[in-house]
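A.B. asks: Next comes the structure file final-v9.txt, holding compact mmCIF, C-alpha atoms.
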# COMPACT_ATOMS: atom_id res chain seq x y z
CA MET W 1316 0.00 0.00 0.00
CA PHE W 1317 1.29 3.49 -0.87
CA PHE W 1318 0.97 6.32 1.65
CA LYS W 1319 1.17 9.84 0.32
CA LYS W 1320 3.80 11.82 2.19
CA LYS W 1321 2.74 15.10 3.77
CA ASN W 1322 4.32 18.44 3.03
CA ALA W 1323 5.62 20.72 5.75
CA ILE W 1324 3.75 24.03 5.79
CA CYS W 1325 6.07 26.63 7.31
CA PRO W 1326 7.29 30.22 7.20
CA VAL W 1327 10.39 31.06 5.13
CA ASN W 1328 12.52 31.57 8.25
CA THR W 1329 12.17 27.82 8.88
CA LEU W 1330 13.98 27.16 5.59
CA PHE W 1331 16.82 29.30 6.89
CA GLU W 1332 16.84 27.23 10.12
CA VAL W 1333 17.25 24.04 8.06
CA LEU W 1334 19.99 25.71 6.01
CA SER W 1335 21.81 26.72 9.19
CA GLN W 1336 21.47 23.18 10.58
CA ASP W 1337 22.99 21.71 7.41
CA LEU W 1338 25.82 24.24 7.27
CA LYS W 1339 26.79 23.48 10.90
CA ILE W 1340 27.50 19.88 9.97
CA GLY W 1341 29.02 20.77 6.60
CA ILE W 1342 26.47 19.24 4.27
CA CYS W 1343 24.88 20.79 1.21
CA CYS W 1344 21.31 22.02 1.65
CA ASP W 1345 18.72 21.22 -1.00
CA ILE W 1346 15.08 22.20 -0.35
CA TYR W 1347 12.18 22.07 -2.79
CA PHE W 1348 9.04 23.99 -1.88
CA ASN W 1349 5.87 25.31 -3.48
CA VAL W 1350 4.29 28.77 -3.33
CA ASN W 1351 1.12 29.55 -5.28
CA LYS W 1352 1.42 26.26 -7.20
CA MET W 1353 4.94 27.17 -8.36
CA ARG W 1354 7.89 24.93 -7.46
CA HIS W 1355 11.01 26.59 -6.05
CA HIS W 1356 14.50 25.39 -5.12
CA PHE W 1357 16.56 26.78 -2.22
CA GLY W 1358 19.82 25.88 -0.56
CA ALA W 1359 23.61 25.91 -0.57
CA TYR W 1360 26.46 23.88 -1.97
CA GLY W 1361 30.24 24.01 -1.83
CA ASP W 1362 33.40 22.34 -3.07
CA ASP W 1363 33.83 18.58 -2.79
CA GLY W 1364 30.16 17.95 -1.93
CA ASN W 1365 30.31 19.76 1.42
CA THR W 1366 29.93 23.31 2.69
CA TYR W 1367 33.28 23.82 4.39
CA LYS W 1368 34.69 26.07 1.64
CA ASN W 1369 33.62 28.03 -1.42
CA VAL W 1370 29.94 27.97 -0.44
CA HIS W 1371 27.31 29.23 -2.88
CA TYR W 1372 23.71 29.93 -1.93
CA PHE W 1373 20.75 29.85 -4.28
CA LEU W 1374 17.08 30.48 -4.75
CA ASP W 1375 15.83 28.93 -7.96
CA LYS W 1376 18.37 29.77 -10.68
CA GLN W 1377 19.83 32.83 -8.95
CA GLU W 1378 23.08 32.27 -7.04
CA TYR W 1379 24.60 34.33 -4.22
CA ASN W 1380 28.15 34.40 -2.89
CA SER W 1381 27.16 34.71 0.76
CA LEU W 1382 24.25 34.10 3.07
CA GLU W 1383 24.04 37.84 3.72
CA GLU W 1384 23.77 38.53 -0.01
CA LEU W 1385 20.99 35.95 -0.38
CA LYS W 1386 19.09 37.47 2.55
CA LYS W 1387 19.37 40.98 1.08
CA LYS W 1388 18.83 40.28 -2.62
CA ALA W 1389 16.74 37.12 -3.08
CA VAL W 1390 13.15 37.78 -4.16
CA LEU W 1391 10.09 35.52 -4.17
CA ASP W 1392 6.84 36.78 -5.73
CA ASN W 1393 8.25 40.34 -5.86
CA VAL W 1394 8.94 40.29 -2.11
CA GLN W 1395 12.28 39.98 -0.34
CA PHE W 1396 12.59 36.22 0.26
CA MET W 1397 13.82 36.58 3.85
CA SER W 1398 10.73 38.68 4.68
CA TYR W 1399 8.18 36.68 2.68
CA PRO W 1400 4.93 37.00 4.67
CA GLY W 1401 3.20 33.75 3.66
CA GLU W 1402 3.91 30.11 4.28
CA VAL W 1403 5.62 27.71 1.90
CA SER W 1404 4.89 24.03 1.32
CA VAL W 1405 8.10 22.00 1.56
CA THR W 1406 7.98 18.83 -0.54
CA GLU W 1407 11.59 17.64 -0.25
CA CYS W 1408 14.59 18.40 1.92
CA ASP W 1409 18.10 17.07 1.34
CA GLY W 1410 16.78 14.23 -0.80
CA CYS W 1411 14.24 13.12 1.82
CA TYR W 1412 10.67 13.87 2.81
CA PRO W 1413 10.08 16.75 5.23
CA GLU W 1414 9.12 14.31 7.98
CA ASP W 1415 12.73 13.08 7.99
CA ASP W 1416 14.03 16.50 9.10
CA ARG W 1417 13.69 17.29 12.81
CA ILE W 1418 12.92 20.97 12.15
CA LEU W 1419 10.43 20.49 9.30
CA MET W 1420 8.53 17.64 10.95
CA GLU W 1421 7.13 20.15 13.42
CA TYR W 1422 5.29 21.79 10.51
CA ILE W 1423 3.64 18.70 9.05
CA PRO W 1424 -0.11 18.68 9.67
CA GLU W 1425 -1.16 15.84 11.98
CA LYS W 1426 2.49 15.07 12.85
CA LYS W 1427 3.03 17.90 15.35
CA LYS W 1428 2.05 15.89 18.41
CA THR W 1429 4.22 12.87 17.57
CA ALA W 1430 7.33 14.61 16.23
CA ARG W 1431 10.52 12.66 16.76
CA ASN W 1432 14.11 13.77 16.75
CA SER W 1433 16.60 12.31 14.27
CA PHE W 1434 17.26 9.38 16.63
CA GLY W 1435 13.60 8.32 16.77
CA ALA W 1436 12.88 9.49 20.33
CA VAL W 1437 9.66 11.36 20.99
Once more with this new file: its structure as structure tokens, please.
C.D. replies:
Amino acid sequence: MFFKKKNAICPVNTLFEVLSQDLKIGICCDIYFNVNKMRHHFGAYGDDGNTYKNVHYFLDKQEYNSLEELKKKAVLDNVQFMSYPGEVSVTECDGCYPEDDRILMEYIPEKKKTARNSFGAV
């Protein structure tokens, strides 16, 4: 039987939390989300498949040389991305479903009360 995975419905600042989490452990960040039925791509990548050096940040096809530049210049629906007032629907994070990320799982409808950390503990 196939169970449809749920999207995480969250504010944009949550995407930045996930990005920060990934950067702390040196992994690339790759988030797909939807806004107004349009698919978007957000994250960071660096040399040698990690984010320890030469990190580039992106929103869709636009790249930024620093996190500060992305926060200042990135735009979504004609609004500064960092200050986007609505919620986004995250469909994929780092090659997994949102429920596999400890931050995003808090924003999955019907999963909030049973959220687990990355080690499976409630």
A.B. asks: With only C-alpha atoms as the atoms that count, which of W:Tyr1367, W:Asn1393, W:Met1353, W:Leu1419 lies nearest to Ile1340 in chain W?
C.D. replies: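 Closest residue, counting only C-alpha atoms: W:Tyr1367.
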A.B. asks: So how far away is CA of Lys1386 in chain W from CA of Ser1398 in chain W, in Å?
C.D. replies: 8.7 Å
A.B. asks: Which one is closest to Tyr1372 in chain W: W:Glu1402, W:Asp1392, W:Asp1345, W:Glu1421? Count only C-alpha atoms.
C.D. replies: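 Closest to Tyr1372 in chain W of all the choices is W:Asp1345.
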A.B. asks: In Å to one decimal, how far is CA of Gly1410 in chain W from CA of Leu1385 in chain W?
C.D. replies: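 Interatomic distance here is 22.1 Å.
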A.B. asks: Could you check which of W:Val1403, W:Leu1374, W:Ile1423, W:Cys1408 is closest to Val1327 in chain W, using all atoms listed in the file?
C.D. replies: W:Val1403
A.B. asks: Measuring between all atoms listed in the file, which one of W:Gln1395, W:Asn1380, W:Thr1366, W:Thr1406 shows the shortest distance to Leu1334 in chain W?
C.D. replies: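 So, comparing all the options, the nearest one is W:Thr1366.
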A.B. asks: Just to confirm, what's the straight-line distance from CA of Ala1359 in chain W to CA of Glu1425 in chain W in Å (one decimal)?
C.D. replies: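 A separation of 29.5 Å between them.
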A.B. asks: Could you tell me which of W:Pro1424, W:Glu1383, W:Ile1418, W:Lys1352 comes closest to Asp1337 in chain W if we count all atoms listed in the file?
C.D. replies: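 Ranking W:Pro1424, W:Glu1383, W:Ile1418, W:Lys1352 by distance to Asp1337 in chain W, first place goes to W:Ile1418.
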A.B. asks: Identify which of the residues W:Leu1382, W:Met1420, W:Ala1389, W:Val1350 lies closest to Ser1335 in chain W, counting only C-alpha atoms when measuring atom-to-atom distances.
C.D. replies: W:Leu1382
